[in-house]
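Student: My structure is stored as entry_13.cif, with mmCIF, C-alpha atoms and all ligand atoms.
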data_model
loop_
_atom_site.label_atom_id
_atom_site.label_comp_id
_atom_site.auth_asym_id
_atom_site.auth_seq_id
_atom_site.Cartn_x
_atom_site.Cartn_y
_atom_site.Cartn_z
CA MET A 1 -4.67 -15.48 21.76
CA LYS A 2 -2.09 -12.71 21.70
CA LYS A 3 -2.50 -10.14 18.92
CA ILE A 4 0.52 -9.17 16.89
CA THR A 5 1.42 -6.55 14.28
CA ILE A 6 2.03 -7.79 10.74
CA ALA A 7 3.95 -5.46 8.41
CA ILE A 8 3.96 -6.27 4.69
CA ASP A 9 6.23 -4.29 2.39
CA GLY A 10 7.35 -4.71 -1.17
CA PHE A 11 7.42 -3.42 -4.70
CA SER A 12 4.27 -2.29 -6.47
CA SER A 13 1.66 -4.87 -7.46
CA THR A 14 3.33 -7.73 -5.60
CA GLY A 15 0.00 -8.86 -4.15
CA LYS A 16 0.65 -7.34 -0.73
CA SER A 17 -2.92 -6.19 -0.32
CA THR A 18 -4.36 -9.54 -1.41
CA VAL A 19 -2.49 -11.49 1.23
CA ALA A 20 -2.98 -8.73 3.83
CA LYS A 21 -6.76 -8.88 3.34
CA GLN A 22 -6.76 -12.70 3.53
CA LEU A 23 -4.78 -12.62 6.78
CA ALA A 24 -6.92 -9.89 8.32
CA ASN A 25 -10.12 -11.82 7.53
CA LYS A 26 -8.77 -15.09 8.87
CA LEU A 27 -7.30 -13.59 12.06
CA LYS A 28 -10.09 -10.99 12.58
CA TYR A 29 -7.44 -8.28 12.46
CA VAL A 30 -7.76 -4.77 11.06
CA TYR A 31 -6.34 -4.34 7.56
CA VAL A 32 -4.79 -1.00 6.62
CA ASP A 33 -3.78 -0.28 3.02
CA SER A 34 -1.28 2.53 3.56
CA GLY A 35 -0.85 2.97 -0.21
CA ALA A 36 -4.54 3.96 -0.42
CA MET A 37 -3.74 6.91 1.85
CA TYR A 38 -0.92 8.17 -0.42
CA ARG A 39 -3.20 7.59 -3.39
CA ALA A 40 -6.05 9.59 -1.80
CA VAL A 41 -3.75 12.54 -1.04
CA THR A 42 -2.57 12.40 -4.67
CA PHE A 43 -6.16 12.30 -5.95
CA TYR A 44 -6.98 15.35 -3.82
CA ALA A 45 -3.93 17.17 -5.24
CA MET A 46 -4.93 16.29 -8.82
CA LYS A 47 -8.49 17.52 -8.31
CA SER A 48 -7.28 20.74 -6.72
CA GLY A 49 -4.85 21.59 -9.55
CA ILE A 50 -1.86 21.07 -7.25
CA ILE A 51 -0.23 18.34 -9.33
CA SER A 52 -0.30 17.25 -12.98
CA ASP A 53 2.12 15.47 -15.33
CA SER A 54 4.16 18.64 -15.78
CA PHE A 55 3.62 20.49 -12.52
CA PHE A 56 3.72 19.98 -8.72
CA ASN A 57 3.12 22.83 -6.28
CA VAL A 58 4.44 21.22 -3.10
CA ASN A 59 3.82 24.32 -0.94
CA GLU A 60 0.18 24.42 -1.96
CA LEU A 61 -0.17 20.76 -1.01
CA LEU A 62 1.39 21.41 2.39
CA LYS A 63 -1.03 24.31 2.99
CA ASN A 64 -3.90 21.95 2.16
CA LEU A 65 -2.78 18.95 4.24
CA LYS A 66 -5.04 19.85 7.16
CA ASN A 67 -8.05 19.87 4.81
CA ILE A 68 -7.46 16.28 3.71
CA ILE A 69 -9.44 13.94 5.94
CA LEU A 70 -8.86 10.24 5.27
CA GLU A 71 -10.93 7.42 6.72
CA PHE A 72 -11.28 3.71 6.08
CA LYS A 73 -14.92 2.61 6.34
CA PHE A 74 -15.48 -1.12 6.58
CA ASN A 75 -17.56 -2.58 3.75
CA ASP A 76 -19.23 -5.78 4.98
CA LYS A 77 -19.79 -7.13 1.49
CA LEU A 78 -16.18 -6.63 0.39
CA GLY A 79 -14.70 -7.56 3.76
CA PHE A 80 -12.29 -4.61 4.00
CA GLY A 81 -12.22 -0.88 4.68
CA GLU A 82 -12.74 1.40 1.71
CA MET A 83 -10.96 4.73 1.41
CA TYR A 84 -13.00 7.88 2.00
CA LEU A 85 -11.55 11.29 1.19
CA ASN A 86 -13.37 14.13 2.99
CA GLY A 87 -16.41 11.88 3.43
CA VAL A 88 -16.56 10.61 -0.17
CA ASN A 89 -15.77 7.04 -1.23
CA VAL A 90 -12.81 7.31 -3.64
CA GLU A 91 -11.89 3.62 -3.71
CA LYS A 92 -12.32 3.34 -7.49
CA GLU A 93 -10.73 6.69 -8.45
CA ILE A 94 -7.53 6.18 -6.45
CA ARG A 95 -6.71 2.91 -8.26
CA SER A 96 -6.57 4.53 -11.72
CA LEU A 97 -3.37 4.68 -13.75
CA ASP A 98 -3.57 8.50 -13.65
CA VAL A 99 -3.18 8.39 -9.87
CA SER A 100 -0.49 5.68 -10.11
CA LYS A 101 1.52 7.96 -12.41
CA LEU A 102 1.71 10.74 -9.80
CA VAL A 103 1.50 9.03 -6.42
CA SER A 104 5.19 8.25 -6.01
CA LYS A 105 6.07 11.94 -6.45
CA VAL A 106 3.62 12.89 -3.71
CA ALA A 107 5.01 10.08 -1.52
CA THR A 108 8.51 11.63 -1.62
CA VAL A 109 7.32 14.70 0.34
CA PRO A 110 8.50 14.31 3.97
CA GLU A 111 5.65 16.39 5.46
CA VAL A 112 3.07 14.19 3.72
CA ARG A 113 4.79 11.06 5.01
CA LYS A 114 4.96 12.46 8.55
CA VAL A 115 1.20 13.06 8.71
CA LEU A 116 0.28 9.71 7.18
CA VAL A 117 2.76 7.71 9.26
CA GLU A 118 1.29 9.23 12.45
CA GLU A 119 -2.21 8.23 11.34
CA GLN A 120 -0.99 4.72 10.51
CA GLN A 121 0.70 4.33 13.89
CA GLU A 122 -2.50 5.43 15.60
CA MET A 123 -4.51 2.83 13.65
CA GLY A 124 -2.11 0.08 14.69
CA LYS A 125 -1.80 1.08 18.33
CA GLN A 126 -3.96 -1.77 19.65
CA LYS A 127 -2.06 -4.40 17.60
CA GLY A 128 -4.13 -6.99 15.75
CA VAL A 129 -3.31 -5.13 12.55
CA VAL A 130 -2.05 -6.10 9.11
CA MET A 131 -0.65 -3.11 7.24
CA ASP A 132 0.91 -3.09 3.80
CA GLY A 133 3.05 -0.47 2.08
CA ARG A 134 6.67 0.49 1.50
CA ASP A 135 7.95 1.55 4.91
CA ILE A 136 5.77 -0.38 7.33
CA GLY A 137 8.43 -2.71 8.73
CA THR A 138 11.15 -0.06 8.60
CA VAL A 139 9.47 3.16 9.75
CA VAL A 140 5.82 2.77 10.75
CA PHE A 141 6.16 -0.39 12.89
CA PRO A 142 9.88 -1.15 13.27
CA PHE A 143 8.99 -3.45 16.19
CA ALA A 144 6.33 -5.47 14.34
CA GLU A 145 6.37 -9.12 15.43
CA LEU A 146 6.20 -10.24 11.80
CA LYS A 147 7.58 -8.50 8.72
CA LEU A 148 7.14 -9.79 5.19
CA PHE A 149 8.79 -8.43 2.08
CA MET A 150 7.06 -9.35 -1.17
CA ASN A 151 8.64 -9.48 -4.58
CA ALA A 152 7.95 -10.79 -8.09
CA SER A 153 9.29 -10.06 -11.55
CA ALA A 154 8.29 -6.69 -13.02
CA GLU A 155 6.54 -8.44 -15.94
CA LYS A 156 4.40 -10.61 -13.65
CA ARG A 157 3.49 -7.62 -11.53
CA ALA A 158 2.59 -5.50 -14.54
CA GLN A 159 0.47 -8.33 -15.93
CA ARG A 160 -1.49 -8.61 -12.66
CA ARG A 161 -2.12 -4.86 -12.51
CA TYR A 162 -3.03 -4.76 -16.22
CA ASP A 163 -5.59 -7.57 -15.74
CA GLU A 164 -7.12 -5.76 -12.75
CA LEU A 165 -7.53 -2.49 -14.65
CA ILE A 166 -8.87 -4.17 -17.79
CA ASP A 167 -11.37 -6.14 -15.66
CA ARG A 168 -12.81 -2.93 -14.28
CA GLY A 169 -13.06 -1.40 -17.76
CA ASP A 170 -10.09 1.01 -17.82
CA ASN A 171 -8.49 1.77 -21.16
CA VAL A 172 -4.79 1.01 -20.58
CA SER A 173 -1.97 -0.74 -22.40
CA PHE A 174 0.35 -3.37 -20.92
CA ASP A 175 3.39 -1.29 -21.86
CA GLU A 176 2.32 1.78 -19.95
CA ILE A 177 1.53 -0.34 -16.89
CA LEU A 178 4.94 -2.00 -17.04
CA LYS A 179 6.60 1.41 -17.37
CA ASN A 180 4.63 2.73 -14.40
CA VAL A 181 5.55 -0.26 -12.22
CA GLN A 182 9.25 0.19 -13.04
CA TYR A 183 9.09 3.96 -12.60
CA ARG A 184 7.45 3.69 -9.16
CA ASP A 185 9.89 0.96 -8.05
CA HIS A 186 12.72 3.33 -8.90
CA ILE A 187 11.33 6.42 -7.14
CA ASP A 188 10.10 4.42 -4.13
CA SER A 189 13.45 2.77 -3.53
CA THR A 190 15.69 5.78 -4.18
CA ARG A 191 13.80 8.59 -2.41
CA GLU A 192 15.54 10.18 0.56
CA ASP A 193 12.76 9.89 3.14
CA SER A 194 11.79 6.30 4.06
CA PRO A 195 12.87 4.52 0.88
CA LEU A 196 11.58 1.03 0.18
CA TYR A 197 14.01 -1.64 1.30
CA LYS A 198 13.77 -4.97 3.03
CA ALA A 199 14.07 -4.70 6.81
CA GLU A 200 16.83 -6.94 8.12
CA ASP A 201 14.36 -9.07 10.05
CA ALA A 202 11.79 -9.34 7.23
CA ILE A 203 11.02 -12.64 5.50
CA GLU A 204 11.29 -12.25 1.72
CA ILE A 205 8.71 -13.97 -0.46
CA ASP A 206 9.00 -14.09 -4.23
CA ASN A 207 5.54 -14.97 -5.50
CA SER A 208 6.26 -14.88 -9.25
CA ASP A 209 5.32 -18.56 -9.47
CA LEU A 210 3.16 -19.07 -6.39
CA SER A 211 -0.61 -19.49 -6.63
CA LEU A 212 -2.67 -17.33 -4.26
CA LYS A 213 -3.67 -20.42 -2.31
CA ASP A 214 -0.12 -21.73 -1.90
CA GLN A 215 1.10 -18.29 -0.96
CA PHE A 216 -1.59 -17.90 1.69
CA ASN A 217 -0.96 -21.34 3.19
CA PHE A 218 2.77 -20.69 3.31
CA ILE A 219 2.38 -17.28 4.97
CA TYR A 220 -0.36 -18.40 7.35
CA LYS A 221 1.94 -21.07 8.81
CA ILE A 222 4.58 -18.43 9.48
CA VAL A 223 1.97 -16.19 11.10
CA GLN A 224 0.70 -18.93 13.41
CA LYS A 225 4.22 -19.76 14.50
CA ARG A 226 4.94 -16.09 15.23
CA ILE A 227 1.72 -15.68 17.22
CA ASN A 228 2.55 -18.76 19.31
CA GLU A 229 6.07 -17.49 19.96
CA SER A 230 4.92 -13.98 20.98
O1 LIG B 301 -0.97 -1.12 -5.31
P1 LIG B 301 0.50 -0.87 -5.47
O2 LIG B 301 1.30 -1.95 -4.82
O3 LIG B 301 0.89 -0.63 -6.87
O4 LIG B 301 0.83 0.49 -4.72
P2 LIG B 301 0.22 1.06 -3.38
O5 LIG B 301 0.54 0.16 -2.23
O6 LIG B 301 -1.20 1.44 -3.59
O7 LIG B 301 1.09 2.39 -3.18
C1 LIG B 301 1.05 3.44 -4.11
C2 LIG B 301 2.28 4.31 -3.93
O8 LIG B 301 2.22 4.97 -2.66
C3 LIG B 301 3.62 3.59 -3.93
O9 LIG B 301 4.15 3.40 -5.24
C4 LIG B 301 4.48 4.55 -3.11
O10 LIG B 301 4.98 5.60 -3.89
C5 LIG B 301 3.51 5.13 -2.10
N1 LIG B 301 3.56 4.47 -0.78
C6 LIG B 301 4.55 4.84 0.11
O11 LIG B 301 5.40 5.65 -0.23
N2 LIG B 301 4.57 4.33 1.36
C7 LIG B 301 3.66 3.44 1.76
N3 LIG B 301 3.69 2.98 3.00
C8 LIG B 301 2.65 3.01 0.85
C9 LIG B 301 2.64 3.53 -0.42
#
Please go through the file and, once you have read it, give me the structure as structure tokens.
Tutor:
Amino acid sequence: MKKITIAIDGFSSTGKSTVAKQLANKLKYVYVDSGAMYRAVTFYAMKSGIISDSFFNVNELLKNLKNIILEFKFNDKLGFGEMYLNGVNVEKEIRSLDVSKLVSKVATVPEVRKVLVEEQQEMGKQKGVVMDGRDIGTVVFPFAELKLFMNASAEKRAQRRYDELIDRGDNVSFDEILKNVQYRDHIDSTREDSPLYKAEDAIEIDNSDLSLKDQFNFIYKIVQKRINES
């Protein structure tokens, strides 16, 4: 069967990665979480004193870009690739609220985007890839056979992210998560380089009131149709 490229974009915490992982497992495709790459660069910058709440030394980050080696290593038990930064598994660290608070600033830097987009395009070269992010259908794979754009109300999204962080034992409040979701939506969709917007040929899915199962079944039908048409 012909392999296609599936690009999933949308606002933060819209469940992009959940459906992307489900599709990749079902289709035996590679899943790439492009947000994990921006998060890992941000984590590196935080650890190196390049960025904090009150400070961002962009030039220092640019000097360090060549020292930031990102890899996804497939974890059989989890069924997806975990993010490694310079050989160390940082999957847990990059999901923290501290990283979420700074990642959108890092993601506005064109030189950072250029490097990561090239790596993403390389990973998707053979097709048979599901990638999620903010600019996948518009910049990374503008010719993807299938583009999805996910949305849900800010409150629903914040609740999902809050539940995830509480489940793993982080000490966070719902209000700060909601603020972070709204703050990132704003920066991500108004930045100059590769802002988040729905590609003209993307299918929009609002999953505020869809169960995971219904969402998957709905999307999987679209995918099968697209594969048959390609
Ligand atoms: O998990 P969540 O949906 O909240 O975000 P993510 O996909 O992990 O992405 C984290 C941040 O990275 C986003 O808020 C964007 O600022 C940035 N990002 C981006 O600019 N371009 C992408 N392709 C993916 C993420």
Student: Using all atoms listed in the file, which of A:Leu148, A:Val172, A:Ala199, A:Val117 sits nearest A:Val19?
Tutor: A:Leu148
Student: In Å to one decimal, how far is atom C1 of ligand LIG 301 (chain B) from atom CA of A:Met123?
Tutor: 18.6 Å
Student: All residues within 8 Å of ligand LIG 301 (chain B) are required, counting only C-alpha atoms and all ligand atoms; please report them as a VMD selection string.
Tutor: chain A and resid 9 to 17 33 to 39 95 100 103 to 108 113 117 132 to 136 161 181 184 to 185 187 to 188 194 to 196
Student: Can you work out which one of A:Val90, A:Ala202, A:Ile166, A:Ile50 has the shortest atom-to-atom distance to A:Thr138, counting all atoms listed in the file?
Tutor: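 Distance minimum relative to A:Thr138 lands on A:Ala202.
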Student: Taking all atoms listed in the file into account, which of A:Met46, A:Ile205, A:Met131, A:Val140 comes nearest A:Ala7?
Tutor: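 Using all atoms listed in the file, the shortest distance to A:Ala7 belongs to A:Met131.
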Student: Because some atoms of stretch 3-29 of chain A are absent here, can you restore N, CA, C and O atoms and send them as a PDB file, in the frame of the given file?
Tutor:
ATOM      1  N   LYS A   3      -2.433 -10.802  20.235  1.00  0.00           N
ATOM      2  CA  LYS A   3      -2.500 -10.140  18.920  1.00  0.00           C
ATOM      3  C   LYS A   3      -1.144  -9.558  18.569  1.00  0.00           C
ATOM      4  O   LYS A   3      -0.467  -9.008  19.438  1.00  0.00           O
ATOM      5  N   ILE A   4      -0.770  -9.698  17.323  1.00  0.00           N
ATOM      6  CA  ILE A   4       0.520  -9.170  16.890  1.00  0.00           C
ATOM      7  C   ILE A   4       0.324  -8.121  15.802  1.00  0.00           C
ATOM      8  O   ILE A   4      -0.800  -7.884  15.340  1.00  0.00           O
ATOM      9  N   THR A   5       1.429  -7.498  15.392  1.00  0.00           N
ATOM     10  CA  THR A   5       1.420  -6.550  14.280  1.00  0.00           C
ATOM     11  C   THR A   5       2.106  -7.222  13.094  1.00  0.00           C
ATOM     12  O   THR A   5       3.205  -7.756  13.245  1.00  0.00           O
ATOM     13  N   ILE A   6       1.436  -7.195  11.939  1.00  0.00           N
ATOM     14  CA  ILE A   6       2.030  -7.790  10.740  1.00  0.00           C
ATOM     15  C   ILE A   6       2.290  -6.681   9.717  1.00  0.00           C
ATOM     16  O   ILE A   6       1.356  -5.986   9.296  1.00  0.00           O
ATOM     17  N   ALA A   7       3.554  -6.512   9.362  1.00  0.00           N
ATOM     18  CA  ALA A   7       3.950  -5.460   8.410  1.00  0.00           C
ATOM     19  C   ALA A   7       4.313  -6.124   7.085  1.00  0.00           C
ATOM     20  O   ALA A   7       5.155  -7.029   7.057  1.00  0.00           O
ATOM     21  N   ILE A   8       3.668  -5.687   6.010  1.00  0.00           N
ATOM     22  CA  ILE A   8       3.960  -6.270   4.690  1.00  0.00           C
ATOM     23  C   ILE A   8       4.445  -5.165   3.754  1.00  0.00           C
ATOM     24  O   ILE A   8       3.706  -4.226   3.459  1.00  0.00           O
ATOM     25  N   ASP A   9       5.684  -5.274   3.328  1.00  0.00           N
ATOM     26  CA  ASP A   9       6.230  -4.290   2.390  1.00  0.00           C
ATOM     27  C   ASP A   9       6.614  -4.970   1.092  1.00  0.00           C
ATOM     28  O   ASP A   9       6.682  -6.199   1.022  1.00  0.00           O
ATOM     29  N   GLY A  10       6.889  -4.141   0.093  1.00  0.00           N
ATOM     30  CA  GLY A  10       7.350  -4.710  -1.170  1.00  0.00           C
ATOM     31  C   GLY A  10       7.084  -3.776  -2.329  1.00  0.00           C
ATOM     32  O   GLY A  10       6.482  -2.708  -2.169  1.00  0.00           O
ATOM     33  N   PHE A  11       7.558  -4.213  -3.485  1.00  0.00           N
ATOM     34  CA  PHE A  11       7.420  -3.420  -4.700  1.00  0.00           C
ATOM     35  C   PHE A  11       5.960  -3.350  -5.124  1.00  0.00           C
ATOM     36  O   PHE A  11       5.111  -4.077  -4.582  1.00  0.00           O
ATOM     37  N   SER A  12       5.673  -2.479  -6.100  1.00  0.00           N
ATOM     38  CA  SER A  12       4.270  -2.290  -6.470  1.00  0.00           C
ATOM     39  C   SER A  12       3.695  -3.529  -7.140  1.00  0.00           C
ATOM     40  O   SER A  12       4.413  -4.265  -7.836  1.00  0.00           O
ATOM     41  N   SER A  13       2.407  -3.749  -6.872  1.00  0.00           N
ATOM     42  CA  SER A  13       1.660  -4.870  -7.460  1.00  0.00           C
ATOM     43  C   SER A  13       2.291  -6.237  -7.175  1.00  0.00           C
ATOM     44  O   SER A  13       2.321  -7.098  -8.044  1.00  0.00           O
ATOM     45  N   THR A  14       2.779  -6.408  -5.965  1.00  0.00           N
ATOM     46  CA  THR A  14       3.330  -7.730  -5.600  1.00  0.00           C
ATOM     47  C   THR A  14       2.286  -8.568  -4.873  1.00  0.00           C
ATOM     48  O   THR A  14       2.631  -9.611  -4.305  1.00  0.00           O
ATOM     49  N   GLY A  15       1.043  -8.087  -4.833  1.00  0.00           N
ATOM     50  CA  GLY A  15       0.000  -8.860  -4.150  1.00  0.00           C
ATOM     51  C   GLY A  15       0.011  -8.686  -2.644  1.00  0.00           C
ATOM     52  O   GLY A  15      -0.540  -9.510  -1.912  1.00  0.00           O
ATOM     53  N   LYS A  16       0.606  -7.597  -2.184  1.00  0.00           N
ATOM     54  CA  LYS A  16       0.650  -7.340  -0.730  1.00  0.00           C
ATOM     55  C   LYS A  16      -0.764  -7.223  -0.169  1.00  0.00           C
ATOM     56  O   LYS A  16      -1.090  -7.786   0.858  1.00  0.00           O
ATOM     57  N   SER A  17      -1.583  -6.447  -0.882  1.00  0.00           N
ATOM     58  CA  SER A  17      -2.920  -6.190  -0.320  1.00  0.00           C
ATOM     59  C   SER A  17      -3.776  -7.448  -0.354  1.00  0.00           C
ATOM     60  O   SER A  17      -4.595  -7.664   0.533  1.00  0.00           O
ATOM     61  N   THR A  18      -3.568  -8.304  -1.349  1.00  0.00           N
ATOM     62  CA  THR A  18      -4.360  -9.540  -1.410  1.00  0.00           C
ATOM     63  C   THR A  18      -4.076 -10.402  -0.184  1.00  0.00           C
ATOM     64  O   THR A  18      -5.001 -10.829   0.516  1.00  0.00           O
ATOM     65  N   VAL A  19      -2.808 -10.624   0.097  1.00  0.00           N
ATOM     66  CA  VAL A  19      -2.490 -11.490   1.230  1.00  0.00           C
ATOM     67  C   VAL A  19      -2.818 -10.790   2.549  1.00  0.00           C
ATOM     68  O   VAL A  19      -3.272 -11.429   3.511  1.00  0.00           O
ATOM     69  N   ALA A  20      -2.655  -9.475   2.593  1.00  0.00           N
ATOM     70  CA  ALA A  20      -2.980  -8.730   3.830  1.00  0.00           C
ATOM     71  C   ALA A  20      -4.471  -8.854   4.149  1.00  0.00           C
ATOM     72  O   ALA A  20      -4.849  -9.076   5.300  1.00  0.00           O
ATOM     73  N   LYS A  21      -5.315  -8.759   3.118  1.00  0.00           N
ATOM     74  CA  LYS A  21      -6.760  -8.880   3.340  1.00  0.00           C
ATOM     75  C   LYS A  21      -7.114 -10.294   3.794  1.00  0.00           C
ATOM     76  O   LYS A  21      -7.925 -10.489   4.693  1.00  0.00           O
ATOM     77  N   GLN A  22      -6.494 -11.297   3.153  1.00  0.00           N
ATOM     78  CA  GLN A  22      -6.760 -12.700   3.530  1.00  0.00           C
ATOM     79  C   GLN A  22      -6.392 -12.928   5.000  1.00  0.00           C
ATOM     80  O   GLN A  22      -7.155 -13.536   5.750  1.00  0.00           O
ATOM     81  N   LEU A  23      -5.226 -12.417   5.403  1.00  0.00           N
ATOM     82  CA  LEU A  23      -4.780 -12.620   6.780  1.00  0.00           C
ATOM     83  C   LEU A  23      -5.706 -11.910   7.756  1.00  0.00           C
ATOM     84  O   LEU A  23      -6.088 -12.465   8.786  1.00  0.00           O
ATOM     85  N   ALA A  24      -6.063 -10.666   7.416  1.00  0.00           N
ATOM     86  CA  ALA A  24      -6.920  -9.890   8.320  1.00  0.00           C
ATOM     87  C   ALA A  24      -8.268 -10.590   8.505  1.00  0.00           C
ATOM     88  O   ALA A  24      -8.787 -10.677   9.623  1.00  0.00           O
ATOM     89  N   ASN A  25      -8.822 -11.131   7.422  1.00  0.00           N
ATOM     90  CA  ASN A  25     -10.120 -11.820   7.530  1.00  0.00           C
ATOM     91  C   ASN A  25     -10.003 -13.074   8.384  1.00  0.00           C
ATOM     92  O   ASN A  25     -10.844 -13.342   9.231  1.00  0.00           O
ATOM     93  N   LYS A  26      -8.963 -13.830   8.150  1.00  0.00           N
ATOM     94  CA  LYS A  26      -8.770 -15.090   8.870  1.00  0.00           C
ATOM     95  C   LYS A  26      -8.526 -14.846  10.369  1.00  0.00           C
ATOM     96  O   LYS A  26      -9.048 -15.551  11.231  1.00  0.00           O
ATOM     97  N   LEU A  27      -7.703 -13.827  10.668  1.00  0.00           N
ATOM     98  CA  LEU A  27      -7.300 -13.590  12.060  1.00  0.00           C
ATOM     99  C   LEU A  27      -8.245 -12.630  12.786  1.00  0.00           C
ATOM    100  O   LEU A  27      -8.077 -12.376  13.968  1.00  0.00           O
ATOM    101  N   LYS A  28      -9.208 -12.057  12.046  1.00  0.00           N
ATOM    102  CA  LYS A  28     -10.090 -10.990  12.580  1.00  0.00           C
ATOM    103  C   LYS A  28      -9.250  -9.793  13.029  1.00  0.00           C
ATOM    104  O   LYS A  28      -9.453  -9.221  14.109  1.00  0.00           O
ATOM    105  N   TYR A  29      -8.289  -9.434  12.211  1.00  0.00           N
ATOM    106  CA  TYR A  29      -7.440  -8.280  12.460  1.00  0.00           C
ATOM    107  C   TYR A  29      -7.940  -7.125  11.592  1.00  0.00           C
ATOM    108  O   TYR A  29      -8.718  -7.324  10.653  1.00  0.00           O
TER     109      TYR A  29
END
